[in-house]
Amino acid sequence: MRAALTALSDDERMFQGSVRQFAAERVAPLVRIMDETQQMDAELVREMFPLGLMGIVAPEEYGGAGGSFFDAILAVEALSAVDPSVGVLVDVQNTLCLNALVRWGTEGQKQRYLPRLTADTVGAYALSEAKSGSDAFALQTRAVQHGEGYVLNGQKLWITNAKEAGLFVVFATIDPAAGYKGVTAFLVEKGMEGFSVGRKEDKLGIRASSTCELIFHDCAVPAGQMLGEPGKGYQVAIETLNEGRIGIGAQMVGLADGAWGHAARWARQRRQFGKPLAEFQAMQFQLAEMATEIEAARLMVYNAARLRDAGVEFLKEAAMAKYFASQVAERVASLAVEVFGGSGFVKDYPVEKLYRDAKIGKIYEGTSFMQLATIAKLTLGKM
Ligand SMILES: Cc1cc2nc3c(=O)[nH]c(=O)nc-3n(C[C@H](O)[C@H](O)[C@H](O)COP(=O)(O)OP(=O)(O)OC[C@H]3O[C@@H](n4cnc5c(N)ncnc54)[C@H](O)[C@@H]3O)c2cc1C
């Protein structure tokens with residue numbers, strides 16, 4: 001008999017338990033201050049390396065935890081239930097940066113970068129630009145061959161983890177006339193001449209997660225820094241983002257679960273008309289409906305992640321999971337604010353922040369419209 005999608009192996013359950021404990025003990029006390037100051041706590045980030053959270057999907061031979069993609073999903077979910085900003089930091093590190101390096105890196109690149117990414121170096125993934133978001137391959141950052149290497153010029157926008165990162169996966173075009181076939185991926189290190197991190201965005205939600213502009217001004221990148229083949233960057237981007245969006249689905253499931261927990265505890269403890277709110281059927285039904293939606297979103301996210309780990313087709317499932325989970329997160333966080341009443345509208349309680357954080361799920365790693373376009377192509381297109 002096949003186990004339920006949500007049935008975890010002993011190792012998965014232990015791992016999930018340890019991440020939940022870390023989130024409760026170390027992340028929770030910092031959530032409010034990190035949101036207010038728009039700063040990820042540096043010590044918190046340092047602590048996540050020895051715990052293996054920053055190297056979940058990296059093979060053990062390079063210092064990683066040798067975990068599955070599903071393990072990364074469990075970690076992102078558990079962290080996001082407490083702080084979706086911490087969730088996305090771990091998500092980008094694992095589902096985008098490490099994932100791209102493990103799949104596309106040469107042996108030399110893996111030996112050089114994986115031990116650092118698993119020990120002390122945060123990664124960032126730089127595709128978007130001011131004029132290319134949903135139409136990502138219309139990017140204009142230029143890579144011109146110069147001797148053996150390339151010289152990068154241009155700007156990236158909206159780059160998560162940019163402030164903390166030491167290594168950036170950067171997409172540029174070596175031939176603008178070739179369209180997507182000119183897009184090429186490079187590994188750029190912080191401190192390389194001609195590369196700087198620019199303005200940091202002042203955001204609605206996930207405020208502790210840094211989102212910055214990147215500036216390349218005659219940045220000389222040695223040939224050995226190219227990730228994958230010239231003109232194959234679109235494949236690097238598509239393949240990693242197809243998987244990465246499962247991570248955003250997990251972030252949204254975690255967020256929704258966190259908001260639900262706060263709402264349920266509040267409903268038990270807050271009394272009106274002589275009894276706890278949770279004793280009114282109208283309140284019970286709202287919480288029950290939210291719990292049902294979260295369960296459905298979690299099943300979709302886990303299914304997509306397990307399909308990915310099994311090496312079978314998962315594109316439609318991933319797009320559906322991200323699309324649905326981001327809707328559920330917004331709905332649940334919104335209802336959680338209402339369950340708290342006036343207290344839900346102020347910063348003294350955690351649901352106000354989760355409501356703000358939820359909005360990003362419908363925007364990054366492919367907007368909801370882009371997910372629907374993928375789902376339509378993979379369903380209607382096959383009829
Ligand atoms: C906090 C944050 C973190 C981010 N992190 C990263 C990162 O780490 N790396 C990175 O590379 N990028 C990152 N991004 C960028 C993100 O992926 C883009 O913002 C997103 O892809 C949308 O692109 P855009 O902002 O240019 O919006 P646009 O593409 O201009 O879209 C605007 C609206 O038009 C809709 N639209 C666009 N095209 C169509 C169409 N054909 N049909 C119908 N509707 C359409 C969209 O769905 C959306 O509603 C981040 C963004 C944010 C806000």
# chains A, B, ... in the order shown; residues from 1 in each chain; ligands from 1
>>> residues_near_ligand(ligand="ligand 1", cutoff="7 Å", atoms="only C-alpha atoms and all ligand atoms", output="PyMOL selection string")
chain A and resi 124-128+130-135+157-161+211+360+363-370
>>> closest_atom_pairs(of="segment 100-177 of chain A", to="segment 82-95 of chain A", cutoff="12 Å", atoms="only C-alpha atoms", output="JSON lines")
{"residue": "A:Ala100", "atom": "CA", "partner": "A:Thr95", "partner_atom": "CA", "distance": 8.0}
{"residue": "A:Leu101", "atom": "CA", "partner": "A:Asn94", "partner_atom": "CA", "distance": 10.0}
{"residue": "A:Val102", "atom": "CA", "partner": "A:Asn94", "partner_atom": "CA", "distance": 10.1}
{"residue": "A:Arg103", "atom": "CA", "partner": "A:Thr95", "partner_atom": "CA", "distance": 11.2}
{"residue": "A:Leu114", "atom": "CA", "partner": "A:Gln93", "partner_atom": "CA", "distance": 11.1}
{"residue": "A:Arg116", "atom": "CA", "partner": "A:Gln93", "partner_atom": "CA", "distance": 11.9}
{"residue": "A:Leu117", "atom": "CA", "partner": "A:Gln93", "partner_atom": "CA", "distance": 8.1}
{"residue": "A:Thr118", "atom": "CA", "partner": "A:Gln93", "partner_atom": "CA", "distance": 9.3}
{"residue": "A:Asp120", "atom": "CA", "partner": "A:Gln93", "partner_atom": "CA", "distance": 11.5}
{"residue": "A:Thr121", "atom": "CA", "partner": "A:Gln93", "partner_atom": "CA", "distance": 9.4}
{"residue": "A:Val122", "atom": "CA", "partner": "A:Gln93", "partner_atom": "CA", "distance": 6.6}
{"residue": "A:Gly123", "atom": "CA", "partner": "A:Gln93", "partner_atom": "CA", "distance": 5.4}
{"residue": "A:Ala124", "atom": "CA", "partner": "A:Val92", "partner_atom": "CA", "distance": 6.7}
{"residue": "A:Tyr125", "atom": "CA", "partner": "A:Val92", "partner_atom": "CA", "distance": 7.2}
{"residue": "A:Ala126", "atom": "CA", "partner": "A:Val92", "partner_atom": "CA", "distance": 10.6}
{"residue": "A:Ile159", "atom": "CA", "partner": "A:Val92", "partner_atom": "CA", "distance": 10.2}
{"residue": "A:Thr160", "atom": "CA", "partner": "A:Leu89", "partner_atom": "CA", "distance": 7.6}
{"residue": "A:Asn161", "atom": "CA", "partner": "A:Leu89", "partner_atom": "CA", "distance": 6.3}
{"residue": "A:Ala162", "atom": "CA", "partner": "A:Leu89", "partner_atom": "CA", "distance": 10.1}
{"residue": "A:Lys163", "atom": "CA", "partner": "A:Leu89", "partner_atom": "CA", "distance": 11.2}
{"residue": "A:Glu164", "atom": "CA", "partner": "A:Leu89", "partner_atom": "CA", "distance": 9.5}
{"residue": "A:Ala165", "atom": "CA", "partner": "A:Gln93", "partner_atom": "CA", "distance": 9.5}
{"residue": "A:Gly166", "atom": "CA", "partner": "A:Gln93", "partner_atom": "CA", "distance": 11.3}
{"residue": "A:Leu167", "atom": "CA", "partner": "A:Gln93", "partner_atom": "CA", "distance": 10.1}
{"residue": "A:Phe168", "atom": "CA", "partner": "A:Gln93", "partner_atom": "CA", "distance": 10.3}
{"residue": "A:Val169", "atom": "CA", "partner": "A:Gln93", "partner_atom": "CA", "distance": 10.7}
>>> select_by_dssp(residues="segment 100-274 of chain A", states="strand (DSSP E)", output="number ranges by chain")
A: 122-126, 142-146, 149-160, 165-173, 183-189, 195-200, 211-221, 226-227, 271-272
>>> select_by_dssp(residues="segment 30-221 of chain A", states="helix (DSSP H, G or I)", output="PyMOL selection string")
chain A and resi 30-37+42-48+53-55+60-62+69-80+84-104+107-119+136-138+176-182
>>> residues_around(residues="segment 183-191 of chain A", least_positions_apart="3", cutoff="8 Å", atoms="only C-alpha atoms", output="list in words")
Phe137, Ala165, Gly166, Leu167, Phe168, Val169, Val170, Phe171, Ala172, Thr173, Ile174, Asp175, Gly179, Tyr180, Phe195, Ser196, Val221, Gln225, Met226, Leu227, Gly228, Glu229, Pro230, Gly231, Lys232, Gly233, Tyr234 and Val236 of chain A
>>> closest_residue(among="A:Ile56, A:Ala28, A:Leu74, A:Leu277", to="Met14 of chain A", atoms="only C-alpha atoms")
A:Leu74
